[in-house]
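Reading through the structure tokens given below for one structure.
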Amino acid sequence: MTRPGFVDIIGQLFCHVRLRGYTTSVHQQLRAWSLSWSEVDPGQNAFAWDDDEGDRLAALVAPMAPPAEADRMENFRFMREVTELLTARYGRWACGWDWSIHNGGPVGAWCCDAHSVGEAEETAARVVDCVLEWRDWLEDTAERFERLAPPPGADAEDRSWHLERAATRLVTAVVDRTQAEAGWYGLAETTLAWFLSSTGLGPEDAEKAVDAAIGGRFKSWAAPTPTLLDAVGEALAVSLTGRGSYRER
Ligand SMILES: [Zn+2]
């Protein structure tokens, strides 16, 4: 599976220098797109949260924030340690807290280290917002999966219709959320693979099917046309069921 567009991001980053440090730090970390659906599914990964827990988390994060004059490596160190804290406290799913819209993810409260790591208390409050936003995105995603899953006992043609409809709706939801920013298709690929896993397909087969159906046709900073969306949905459905669907979505 193509990972969110690090190469694409480089092109965009006239205001984000020293990308090498960023990509290095990203690759060393646990990242959401490398997790399976069972590791992120809110139905299988409980999250006990209330205002007190928000205060406790902020109080833990604030002292970890780098001093004002810190360089970017310090920012990356901070973000890595926040990820470690969150995954130890809540589970591996929480590593997606900084998958920002700026990097093709669903989280709007974070941008990048340079713009989002600042004064300690403010940064800690931002981290809390990010965790909740990421969790909300996963919960919305799980609800979509349930709504869009082929019903048990559907025949091949009916299954094909459901899979095609699911693919186009899920990708549309990702495009809406990411504004088709740099590397948005990484979230689209991940979401489709998670969806197929949620319907019982093995994670590797799911990834392969999604890669083949998209065929590299989704690009950064370009929302897919309706024609392309339909083509990807149909390719996915046909590859998994051996059948086209002959009714309108
Ligand atoms: Zn930024």
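Every chain in the structure tokens takes a letter, A first, then B, and so on in the order presented; its residues are numbered from 1, and the ligands are numbered from 1 following the presented order.
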**Exercise: stretch 99-106 of chain A partners within 10 Å, only C-alpha atoms, chain neighbours under 4 positions left out, as a VMD selection string** = chain A and resid 4 to 6 8 to 9 12 31 to 33 95 110 to 112 130 133 to 134 136 to 138 174 to 188 220 to 221
Take the residues just selected and output them with N, CA and C atoms as an mmCIF file, in the first residue's frame.
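Dumped to part01.cif:
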data_model
loop_
_atom_site.group_PDB
_atom_site.id
_atom_site.type_symbol
_atom_site.label_atom_id
_atom_site.label_comp_id
_atom_site.auth_asym_id
_atom_site.auth_seq_id
_atom_site.Cartn_x
_atom_site.Cartn_y
_atom_site.Cartn_z
ATOM 1 N N PRO A 4 0.951 7.510 3.025
ATOM 2 C CA PRO A 4 0.625 8.907 2.751
ATOM 3 C C PRO A 4 1.839 9.655 2.236
ATOM 4 N N GLY A 5 1.568 10.605 1.380
ATOM 5 C CA GLY A 5 2.544 11.097 0.419
ATOM 6 C C GLY A 5 3.714 11.875 0.971
ATOM 7 N N PHE A 6 4.670 11.195 1.500
ATOM 8 C CA PHE A 6 5.844 11.917 1.998
ATOM 9 C C PHE A 6 6.526 12.676 0.870
ATOM 10 N N ASP A 8 5.099 13.723 -1.858
ATOM 11 C CA ASP A 8 4.210 14.841 -2.178
ATOM 12 C C ASP A 8 4.342 15.956 -1.154
ATOM 13 N N ILE A 9 4.428 15.570 0.091
ATOM 14 C CA ILE A 9 4.486 16.560 1.157
ATOM 15 C C ILE A 9 5.718 17.437 0.983
ATOM 16 N N GLN A 12 5.243 20.436 -1.009
ATOM 17 C CA GLN A 12 4.374 21.450 -0.438
ATOM 18 C C GLN A 12 5.094 22.290 0.609
ATOM 19 N N ARG A 31 2.559 3.991 13.370
ATOM 20 C CA ARG A 31 1.679 4.875 12.626
ATOM 21 C C ARG A 31 0.341 4.202 12.377
ATOM 22 N N ALA A 32 -0.709 5.020 12.313
ATOM 23 C CA ALA A 32 -2.064 4.472 12.217
ATOM 24 C C ALA A 32 -2.254 3.582 10.990
ATOM 25 N N TRP A 33 -1.658 3.985 9.850
ATOM 26 C CA TRP A 33 -1.902 3.221 8.633
ATOM 27 C C TRP A 33 -1.232 1.855 8.645
ATOM 28 N N CYS A 95 -2.220 6.109 18.338
ATOM 29 C CA CYS A 95 -1.059 6.673 17.631
ATOM 30 C C CYS A 95 -1.455 7.596 16.483
ATOM 31 N N TRP A 110 -4.229 19.446 14.754
ATOM 32 C CA TRP A 110 -2.769 19.437 14.602
ATOM 33 C C TRP A 110 -2.422 19.870 13.193
ATOM 34 N N CYS A 111 -1.291 20.568 13.036
ATOM 35 C CA CYS A 111 -0.797 20.849 11.681
ATOM 36 C C CYS A 111 0.502 20.091 11.496
ATOM 37 N N CYS A 112 1.572 20.583 12.114
ATOM 38 C CA CYS A 112 2.889 19.953 12.022
ATOM 39 C C CYS A 112 3.654 20.425 13.256
ATOM 40 N N CYS A 130 -6.650 16.636 19.858
ATOM 41 C CA CYS A 130 -6.296 15.728 18.762
ATOM 42 C C CYS A 130 -6.730 14.292 19.063
ATOM 43 N N GLU A 133 -10.393 14.088 18.594
ATOM 44 C CA GLU A 133 -10.775 14.202 17.189
ATOM 45 C C GLU A 133 -10.494 12.893 16.439
ATOM 46 N N TRP A 134 -9.337 12.316 16.724
ATOM 47 C CA TRP A 134 -8.972 11.041 16.096
ATOM 48 C C TRP A 134 -9.945 9.949 16.502
ATOM 49 N N ASP A 136 -13.046 10.350 17.509
ATOM 50 C CA ASP A 136 -14.335 10.630 16.848
ATOM 51 C C ASP A 136 -14.320 10.144 15.403
ATOM 52 N N TRP A 137 -13.179 10.393 14.742
ATOM 53 C CA TRP A 137 -13.080 9.947 13.344
ATOM 54 C C TRP A 137 -13.207 8.424 13.266
ATOM 55 N N LEU A 138 -12.544 7.711 14.167
ATOM 56 C CA LEU A 138 -12.633 6.250 14.168
ATOM 57 C C LEU A 138 -14.068 5.792 14.465
ATOM 58 N N VAL A 174 -13.595 10.578 3.123
ATOM 59 C CA VAL A 174 -12.179 10.924 3.334
ATOM 60 C C VAL A 174 -11.833 12.223 2.601
ATOM 61 N N VAL A 175 -12.303 12.351 1.392
ATOM 62 C CA VAL A 175 -12.020 13.573 0.621
ATOM 63 C C VAL A 175 -12.620 14.789 1.338
ATOM 64 N N ASP A 176 -13.839 14.644 1.822
ATOM 65 C CA ASP A 176 -14.482 15.756 2.538
ATOM 66 C C ASP A 176 -13.664 16.143 3.773
ATOM 67 N N ARG A 177 -13.206 15.135 4.487
ATOM 68 C CA ARG A 177 -12.514 15.404 5.740
ATOM 69 C C ARG A 177 -11.116 15.992 5.509
ATOM 70 N N THR A 178 -10.388 15.455 4.532
ATOM 71 C CA THR A 178 -8.989 15.861 4.317
ATOM 72 C C THR A 178 -8.871 17.045 3.367
ATOM 73 N N GLN A 179 -9.994 17.434 2.743
ATOM 74 C CA GLN A 179 -9.934 18.471 1.702
ATOM 75 C C GLN A 179 -8.946 18.084 0.606
ATOM 76 N N ALA A 180 -8.761 16.783 0.412
ATOM 77 C CA ALA A 180 -7.850 16.262 -0.616
ATOM 78 C C ALA A 180 -6.456 16.880 -0.512
ATOM 79 N N GLU A 181 -6.000 17.074 0.711
ATOM 80 C CA GLU A 181 -4.656 17.626 0.955
ATOM 81 C C GLU A 181 -3.569 16.625 0.554
ATOM 82 N N ALA A 182 -2.320 16.998 0.781
ATOM 83 C CA ALA A 182 -1.192 16.132 0.428
ATOM 84 C C ALA A 182 -1.372 14.735 1.018
ATOM 85 N N GLY A 183 -1.293 13.724 0.183
ATOM 86 C CA GLY A 183 -1.312 12.355 0.677
ATOM 87 C C GLY A 183 -2.659 11.880 1.202
ATOM 88 N N TRP A 184 -3.759 12.582 0.863
ATOM 89 C CA TRP A 184 -5.081 12.196 1.374
ATOM 90 C C TRP A 184 -5.430 10.757 1.007
ATOM 91 N N TYR A 185 -4.902 10.305 -0.138
ATOM 92 C CA TYR A 185 -5.256 8.963 -0.607
ATOM 93 C C TYR A 185 -4.732 7.889 0.342
ATOM 94 N N GLY A 186 -3.728 8.228 1.189
ATOM 95 C CA GLY A 186 -3.263 7.256 2.179
ATOM 96 C C GLY A 186 -4.375 6.925 3.168
ATOM 97 N N LEU A 187 -5.123 7.947 3.578
ATOM 98 C CA LEU A 187 -6.263 7.698 4.473
ATOM 99 C C LEU A 187 -7.373 6.958 3.722
ATOM 100 N N ALA A 188 -7.539 7.280 2.434
ATOM 101 C CA ALA A 188 -8.556 6.572 1.643
ATOM 102 C C ALA A 188 -8.203 5.089 1.540
ATOM 103 N N SER A 220 -2.445 13.655 -4.734
ATOM 104 C CA SER A 220 -2.503 14.750 -3.762
ATOM 105 C C SER A 220 -3.115 16.001 -4.382
ATOM 106 N N TRP A 221 -3.791 16.756 -3.560
ATOM 107 C CA TRP A 221 -4.396 18.043 -3.940
ATOM 108 C C TRP A 221 -5.364 17.924 -5.110
#
**Request:** From a DSSP pass on the backbone, collect the residues of stretch 108-175 of chain A flagged as alpha helix (DSSP H) and hand them back as a PyMOL selection string.
**Result:** chain A and resi 113-116+120-148+156-175
**Item:** Nearest candidate to ligand 1 (options A:Asp71, A:Asp113, A:Glu81, A:Glu119; using only C-alpha atoms and all ligand atoms)
**Value:** A:Asp113
**Item:** Residue neighbourhood A:Ala237, 7 Å, only C-alpha atoms, exclusion window fewer than 3 positions, as a PyMOL selection string
**Value:** chain A and resi 160+163-164+233-234+240-241
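The residue set within 12 Å of A:Gly242, counting only C-alpha atoms and dropping same-chain residues fewer than 2 places from it, reads Asp155, Ala156, Glu157, Asp158, Arg159, Ser160, Trp161, Leu163, Glu234, Ala235, Leu236, Ala237, Val238, Ser239, Leu240, Gly244 and Ser245 of chain A.
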Selection to disk with N, CA and C atoms, as a compact mmCIF listing (two decimals), in the first residue's frame:
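For reference, part_20.txt as written:
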# COMPACT_ATOMS: atom_id res chain seq x y z
N ASP A 155 -26.16 -12.37 -2.29
CA ASP A 155 -25.52 -13.09 -3.39
C ASP A 155 -24.42 -12.22 -4.00
N ALA A 156 -23.66 -12.78 -4.94
CA ALA A 156 -22.48 -12.08 -5.46
C ALA A 156 -22.83 -10.71 -6.05
N GLU A 157 -23.93 -10.67 -6.78
CA GLU A 157 -24.28 -9.41 -7.42
C GLU A 157 -24.67 -8.34 -6.39
N ASP A 158 -25.42 -8.76 -5.41
CA ASP A 158 -25.84 -7.84 -4.35
C ASP A 158 -24.64 -7.38 -3.52
N ARG A 159 -23.75 -8.31 -3.28
CA ARG A 159 -22.52 -8.00 -2.55
C ARG A 159 -21.68 -6.98 -3.34
N SER A 160 -21.61 -7.19 -4.62
CA SER A 160 -20.88 -6.28 -5.48
C SER A 160 -21.47 -4.88 -5.41
N TRP A 161 -22.79 -4.79 -5.46
CA TRP A 161 -23.47 -3.49 -5.36
C TRP A 161 -23.11 -2.81 -4.05
N LEU A 163 -20.48 -3.34 -2.08
CA LEU A 163 -19.05 -2.99 -1.99
C LEU A 163 -18.74 -1.75 -2.82
N GLU A 234 -16.12 0.26 -8.67
CA GLU A 234 -16.49 -0.88 -9.51
C GLU A 234 -15.33 -1.88 -9.59
N ALA A 235 -14.12 -1.38 -9.77
CA ALA A 235 -12.96 -2.28 -9.86
C ALA A 235 -12.82 -3.10 -8.58
N LEU A 236 -13.02 -2.43 -7.45
CA LEU A 236 -12.90 -3.13 -6.17
C LEU A 236 -13.99 -4.20 -6.04
N ALA A 237 -15.22 -3.81 -6.35
CA ALA A 237 -16.35 -4.73 -6.20
C ALA A 237 -16.20 -5.93 -7.13
N VAL A 238 -15.81 -5.68 -8.38
CA VAL A 238 -15.69 -6.77 -9.35
C VAL A 238 -14.55 -7.71 -8.95
N SER A 239 -13.44 -7.12 -8.47
CA SER A 239 -12.30 -7.99 -8.12
C SER A 239 -12.63 -8.88 -6.93
N LEU A 240 -13.52 -8.44 -6.06
CA LEU A 240 -13.81 -9.22 -4.85
C LEU A 240 -14.98 -10.18 -5.03
N GLY A 244 -20.20 -7.67 -11.69
CA GLY A 244 -20.58 -6.25 -11.67
C GLY A 244 -21.93 -6.13 -11.02
N SER A 245 -22.33 -4.91 -10.73
CA SER A 245 -23.68 -4.74 -10.20
C SER A 245 -24.49 -4.02 -11.25
**Request:** List the neighbours of A:Ala62 out to 9 Å using only C-alpha atoms; skip same-chain residues closer than 2 positions along the sequence, and give me the result as a PyMOL selection string.
**Result:** chain A and resi 57-60+64-65+119-125
**Asked** Neighbours of stretch 35-44 of chain A within 12 Å (only C-alpha atoms; same-chain residues fewer than 5 positions away dropped), as a PyMOL selection string?
**Response** chain A and resi 29-30+87+90-97+134-146+190-204+206-207
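Atom CA of A:Ala154 sits 26.3 Å away from atom CA of A:Pro226.
Atom pair atom CA of A:Gly215 / atom CA of A:Leu170: separated by 17.1 Å.
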**Asked** Which of stretch 68-225 of chain A counts as strand (DSSP E or B) under DSSP, as an MDAnalysis selection string please?
**Response** chainID A and resid 100 107 219 222
If you keep C-alpha atoms, can you produce a file of those selected residues as a PDB file, in the first residue's frame?
ATOM      1  CA  SER A 100      -3.181  15.859  10.529  1.00  0.00           C
ATOM      2  CA  VAL A 107      -7.106  15.503  12.454  1.00  0.00           C
ATOM      3  CA  LYS A 219      -3.369  12.163  -6.392  1.00  0.00           C
ATOM      4  CA  ALA A 222      -6.916  16.582  -6.357  1.00  0.00           C
TER       5      ALA A 222
END
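Comparing A:Val82, A:Pro151, A:Ala114, A:Trp49 by their smallest distance to A:Glu69, the closest is A:Ala114 (using only C-alpha atoms).
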**Message:** Just to confirm, what's the straight-line distance from atom CA of A:Val171 to atom CA of A:Phe47 in Å (one decimal)?
**Reply:** 26.0 Å
**Message:** Which residue is closest to ligand 1? Choose from A:Asp51, A:Asp98, A:Glu189, A:Asp205 and count only C-alpha atoms and all ligand atoms.
**Reply:** A:Asp98
